[in-house]
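Remarks on the structure that follows.
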Amino acid sequence: MRGEEGGLSDTVTTVFILIGVLVAAFALSVVFVPAAGWLARRYGVMDDPGPRKIHQAPTPRIGGIAVWAAFTLVVLAGYFGLPAVSRLAWVQTHLAAPVAMLQEASRVEGKLMALLLGAAIAFLVGLLDDVLGSRFEVGLKLGGQVLAAVVLVAGGIKTDFLYYDALNVALTLVWVVGITNAFNLLDNMDGLSAGVAFVASLVLLVNAWILGEFFISLVLVALMGSLLGFLVYNFHPASIFLGDCGSLFVGFTLAALTLLQRFASHASSTYFPVLMPVLVLALPILDTATVIFIRLREGRPVYVGDSRHLSHRLVSLGMRPPLAVCTIYLIALGIGLGAVGLPHADLVHALLILVQALVVVAVVLILLFYERRALARREEP
């Protein structure tokens with residue numbers, strides 16, 4: 001009985017620690033966002049209204065500074081402050097189990113530093129794009145993203161399920177750069193990119209908790225708190241935008257965390273669990289793939305923005321922007337929560353999870369392309 005009470009007490013303590021990290025990141029982000037807005041106004045880094053934009057006045061577009069700063073400060077404070085805190089008598093008495101779990105953080109110091117350094121590079125690349133605009137060449141932007149991904153690989157963060165290491169490295173680079181850009185492209189409506197990132201982080205947190213990955217859970221809640229603080233200002237009508245500095249940072253960080261996290265358990269069937277990150281991030285992946293397909297089909301550069309995203313499709317079908325964004329949240333959550341079962345599923349259940357995800361994807365594709373056909377018919381003379 002005492003063992004059960006001790007286990008329950010440790011679980012409750014762990015939950016309170018996670019909540020504490022979440023609140024700390026949230027508070028910092030809430031404080032930093034107005035400062036980011038002031039910087040944007042001070043130096044003219046504003047997003048002006050336009051034909052495919054819904055905001056009516058110039059809006060600061062470097063809110064990602066707050067998200068990056070809050071996340072980085074909380075993670076670094078937790079990591080470097082742990083040794084000092086763990087020596088306190090009260091902590092040794094009441095938080096012995098969680099602190100013991102965190103002692104393993106020293107084993108992943110190289111990976112954690114690689115994640116933070118790569119995220120900083122992605123953030124700076126986006127910030128340069130926000131500040132310089134068209135003067136910042138697309139090739140340099142892509143090169144910076146690749147450099148950030150290379151930092152991850154150099155730090156030991158990469159896939160490991162393919163037979164040849166060169167293939168694992170190549171897949172890692174494609175995955176990280178792809179997801180980084182997916183969240184950049186998804187940032188096309190108030191609260192969308194940051195909100196979908198929060199939903200994805202929540203799903204990854206559920207998986208990490210089930211598999212007992214406390215350290216990864218802490219990093220995830222730090223990201224979630226930073227995003228939540230930003231969403232206070234970014235949900236419709238937004239007073240500040242994430243900007244490329246924020247969307248590239250968020251996409252890169254989520255891509256890196258999916259590589260750090262474990263997706264297999266003793267009950268896993270074959271290689272199906274490796275598909276979990278794809279399902280968790282299925283919405284931004286699908287939105288990016290369809291937009292790129294449409295732009296290539298129409299002979300336009302893939303990096304030039306338009307109004308062909310899922311969010312725009314939902315608005316054109318009659319939804320107000322906040323409802324369209326919340327609908328996308330629900331779609332992302334629906335696919336993601338189903339994927340949580342993959343690490344623990346046998347072959348039959350894994351196939352059912354994949355079929356369920358494909359059904360949801362099919363519904364999304366109908367929403368994406370039905371509106372385009374309807375529009376074409378209305379435009380016929």
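Identifiers in the structure tokens: chain A, B, ... in order shown; residue index from 1 per chain; ligand index from 1 in order shown.
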* Mind the document's chain letters and residue numbers, and return as a PyMOL selection string the residues of range 228-347 of chain A that DSSP labels alpha helix (DSSP H). => chain A and resi 228-234+243-260+276-280+282-297+310-316+321-339+347
* Asked: Near Ser29 in chain A, counting only C-alpha atoms, which residues have an atom at most 9 Å away, once you skip same-chain residues fewer than 4 positions from it, shown as a PyMOL selection string?
  -> chain A and resi 24-25+33+66-71+225-230
Would you export the selected residues with all heavy atoms as an mmCIF file, in the first residue's frame, please?
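Output contents, as saved in result_2.cif:
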data_model
loop_
_atom_site.group_PDB
_atom_site.id
_atom_site.type_symbol
_atom_site.label_atom_id
_atom_site.label_comp_id
_atom_site.auth_asym_id
_atom_site.auth_seq_id
_atom_site.Cartn_x
_atom_site.Cartn_y
_atom_site.Cartn_z
ATOM 1 N N ALA A 24 5.469 28.949 -16.287
ATOM 2 C CA ALA A 24 6.639 29.822 -16.414
ATOM 3 C C ALA A 24 6.850 30.259 -17.861
ATOM 4 O O ALA A 24 7.077 31.449 -18.143
ATOM 5 C CB ALA A 24 7.879 29.105 -15.884
ATOM 6 N N ALA A 25 6.766 29.302 -18.789
ATOM 7 C CA ALA A 25 6.936 29.632 -20.208
ATOM 8 C C ALA A 25 5.806 30.534 -20.692
ATOM 9 O O ALA A 25 6.029 31.482 -21.469
ATOM 10 C CB ALA A 25 6.995 28.353 -21.039
ATOM 11 N N VAL A 33 5.799 39.232 -25.637
ATOM 12 C CA VAL A 33 5.097 39.576 -26.885
ATOM 13 C C VAL A 33 4.948 41.086 -27.062
ATOM 14 O O VAL A 33 5.243 41.614 -28.154
ATOM 15 C CB VAL A 33 3.725 38.867 -26.962
ATOM 16 C CG1 VAL A 33 2.903 39.425 -28.134
ATOM 17 C CG2 VAL A 33 3.898 37.373 -27.136
ATOM 18 N N ALA A 66 9.169 36.377 -29.081
ATOM 19 C CA ALA A 66 8.679 36.054 -27.738
ATOM 20 C C ALA A 66 8.624 34.539 -27.522
ATOM 21 O O ALA A 66 8.994 34.040 -26.454
ATOM 22 C CB ALA A 66 7.300 36.668 -27.528
ATOM 23 N N VAL A 67 8.159 33.810 -28.527
ATOM 24 C CA VAL A 67 8.042 32.352 -28.405
ATOM 25 C C VAL A 67 9.423 31.723 -28.252
ATOM 26 O O VAL A 67 9.649 30.882 -27.369
ATOM 27 C CB VAL A 67 7.312 31.760 -29.627
ATOM 28 C CG1 VAL A 67 7.170 30.254 -29.486
ATOM 29 C CG2 VAL A 67 5.940 32.407 -29.795
ATOM 30 N N TRP A 68 10.348 32.137 -29.108
ATOM 31 C CA TRP A 68 11.708 31.591 -29.044
ATOM 32 C C TRP A 68 12.387 31.944 -27.723
ATOM 33 O O TRP A 68 13.000 31.087 -27.081
ATOM 34 C CB TRP A 68 12.537 32.133 -30.211
ATOM 35 C CG TRP A 68 13.992 31.823 -30.081
ATOM 36 C CD1 TRP A 68 14.602 30.623 -30.307
ATOM 37 C CD2 TRP A 68 15.020 32.734 -29.656
ATOM 38 N NE1 TRP A 68 15.959 30.732 -30.056
ATOM 39 C CE2 TRP A 68 16.240 32.008 -29.657
ATOM 40 C CE3 TRP A 68 15.034 34.072 -29.296
ATOM 41 C CZ2 TRP A 68 17.448 32.593 -29.301
ATOM 42 C CZ3 TRP A 68 16.237 34.651 -28.943
ATOM 43 C CH2 TRP A 68 17.423 33.921 -28.950
ATOM 44 N N ALA A 69 12.282 33.188 -27.304
ATOM 45 C CA ALA A 69 12.964 33.627 -26.083
ATOM 46 C C ALA A 69 12.396 32.932 -24.853
ATOM 47 O O ALA A 69 13.155 32.483 -23.976
ATOM 48 C CB ALA A 69 12.836 35.145 -25.938
ATOM 49 N N ALA A 70 11.080 32.832 -24.758
ATOM 50 C CA ALA A 70 10.462 32.191 -23.598
ATOM 51 C C ALA A 70 10.857 30.719 -23.518
ATOM 52 O O ALA A 70 11.236 30.211 -22.454
ATOM 53 C CB ALA A 70 8.943 32.337 -23.674
ATOM 54 N N PHE A 71 10.775 30.026 -24.643
ATOM 55 C CA PHE A 71 11.134 28.601 -24.672
ATOM 56 C C PHE A 71 12.597 28.397 -24.302
ATOM 57 O O PHE A 71 12.929 27.557 -23.444
ATOM 58 C CB PHE A 71 10.858 28.039 -26.068
ATOM 59 C CG PHE A 71 11.392 26.647 -26.285
ATOM 60 C CD1 PHE A 71 10.699 25.545 -25.827
ATOM 61 C CD2 PHE A 71 12.591 26.443 -26.961
ATOM 62 C CE1 PHE A 71 11.182 24.258 -26.020
ATOM 63 C CE2 PHE A 71 13.096 25.171 -27.161
ATOM 64 C CZ PHE A 71 12.382 24.070 -26.686
ATOM 65 N N GLY A 225 3.765 26.184 -23.383
ATOM 66 C CA GLY A 225 3.539 27.415 -22.641
ATOM 67 C C GLY A 225 3.919 28.644 -23.446
ATOM 68 O O GLY A 225 3.206 29.665 -23.429
ATOM 69 N N SER A 226 5.020 28.564 -24.169
ATOM 70 C CA SER A 226 5.468 29.680 -25.010
ATOM 71 C C SER A 226 4.447 29.973 -26.113
ATOM 72 O O SER A 226 4.146 31.141 -26.403
ATOM 73 C CB SER A 226 6.826 29.361 -25.629
ATOM 74 O OG SER A 226 7.781 29.061 -24.635
ATOM 75 N N LEU A 227 3.905 28.927 -26.709
ATOM 76 C CA LEU A 227 2.900 29.098 -27.763
ATOM 77 C C LEU A 227 1.600 29.651 -27.202
ATOM 78 O O LEU A 227 0.965 30.525 -27.808
ATOM 79 C CB LEU A 227 2.640 27.751 -28.452
ATOM 80 C CG LEU A 227 3.785 27.200 -29.306
ATOM 81 C CD1 LEU A 227 3.524 25.752 -29.672
ATOM 82 C CD2 LEU A 227 3.966 28.034 -30.572
ATOM 83 N N LEU A 228 1.208 29.150 -26.040
ATOM 84 C CA LEU A 228 -0.053 29.587 -25.443
ATOM 85 C C LEU A 228 0.003 31.067 -25.078
ATOM 86 O O LEU A 228 -0.972 31.811 -25.289
ATOM 87 C CB LEU A 228 -0.346 28.737 -24.203
ATOM 88 C CG LEU A 228 -1.790 28.717 -23.694
ATOM 89 C CD1 LEU A 228 -2.730 28.212 -24.785
ATOM 90 C CD2 LEU A 228 -1.902 27.831 -22.459
ATOM 91 N N GLY A 229 1.142 31.511 -24.531
ATOM 92 C CA GLY A 229 1.289 32.930 -24.213
ATOM 93 C C GLY A 229 1.200 33.801 -25.454
ATOM 94 O O GLY A 229 0.607 34.892 -25.427
ATOM 95 N N PHE A 230 1.762 33.327 -26.556
ATOM 96 C CA PHE A 230 1.698 34.073 -27.812
ATOM 97 C C PHE A 230 0.278 34.105 -28.363
ATOM 98 O O PHE A 230 -0.175 35.132 -28.894
ATOM 99 C CB PHE A 230 2.651 33.448 -28.835
ATOM 100 C CG PHE A 230 2.539 34.051 -30.204
ATOM 101 C CD1 PHE A 230 3.049 35.313 -30.470
ATOM 102 C CD2 PHE A 230 1.899 33.366 -31.231
ATOM 103 C CE1 PHE A 230 2.937 35.875 -31.733
ATOM 104 C CE2 PHE A 230 1.784 33.922 -32.487
ATOM 105 C CZ PHE A 230 2.307 35.177 -32.744
#
* Quick one: everything within 7 Å of Leu342 in chain A, counting only C-alpha atoms, minus sequence neighbours fewer than 4 positions away in the same chain. Send it as a list in words. => Phe272, Pro273, Met276 and Ala350 of chain A
For the residues in the current selection, export N, CA, C and O atoms as a PDB file, in the first residue's frame.
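Saved as again_10.pdb:
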ATOM      1  N   PHE A 272       5.289   0.272 -37.764  1.00  0.00           N
ATOM      2  CA  PHE A 272       4.187   1.224 -37.789  1.00  0.00           C
ATOM      3  C   PHE A 272       4.387   2.419 -36.850  1.00  0.00           C
ATOM      4  O   PHE A 272       3.989   3.540 -37.190  1.00  0.00           O
ATOM      5  N   PRO A 273       4.977   2.239 -35.659  1.00  0.00           N
ATOM      6  CA  PRO A 273       5.144   3.403 -34.773  1.00  0.00           C
ATOM      7  C   PRO A 273       5.955   4.553 -35.377  1.00  0.00           C
ATOM      8  O   PRO A 273       5.778   5.698 -34.967  1.00  0.00           O
ATOM      9  N   MET A 276       4.043   7.564 -36.546  1.00  0.00           N
ATOM     10  CA  MET A 276       3.321   8.447 -35.630  1.00  0.00           C
ATOM     11  C   MET A 276       3.648   9.922 -35.847  1.00  0.00           C
ATOM     12  O   MET A 276       2.737  10.761 -35.890  1.00  0.00           O
ATOM     13  N   ALA A 350      -3.033  -1.303 -35.631  1.00  0.00           N
ATOM     14  CA  ALA A 350      -2.224  -0.306 -36.321  1.00  0.00           C
ATOM     15  C   ALA A 350      -2.816   0.022 -37.689  1.00  0.00           C
ATOM     16  O   ALA A 350      -2.881   1.187 -38.094  1.00  0.00           O
TER      17      ALA A 350
END
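Reported to one decimal place, the separation of CA of Thr180 in chain A from CA of Ser307 in chain A is 19.9 Å.
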* Provide the CA of Ile62 in chain A to CA of Phe32 in chain A distance in Å, to one decimal place. => 11.2 Å
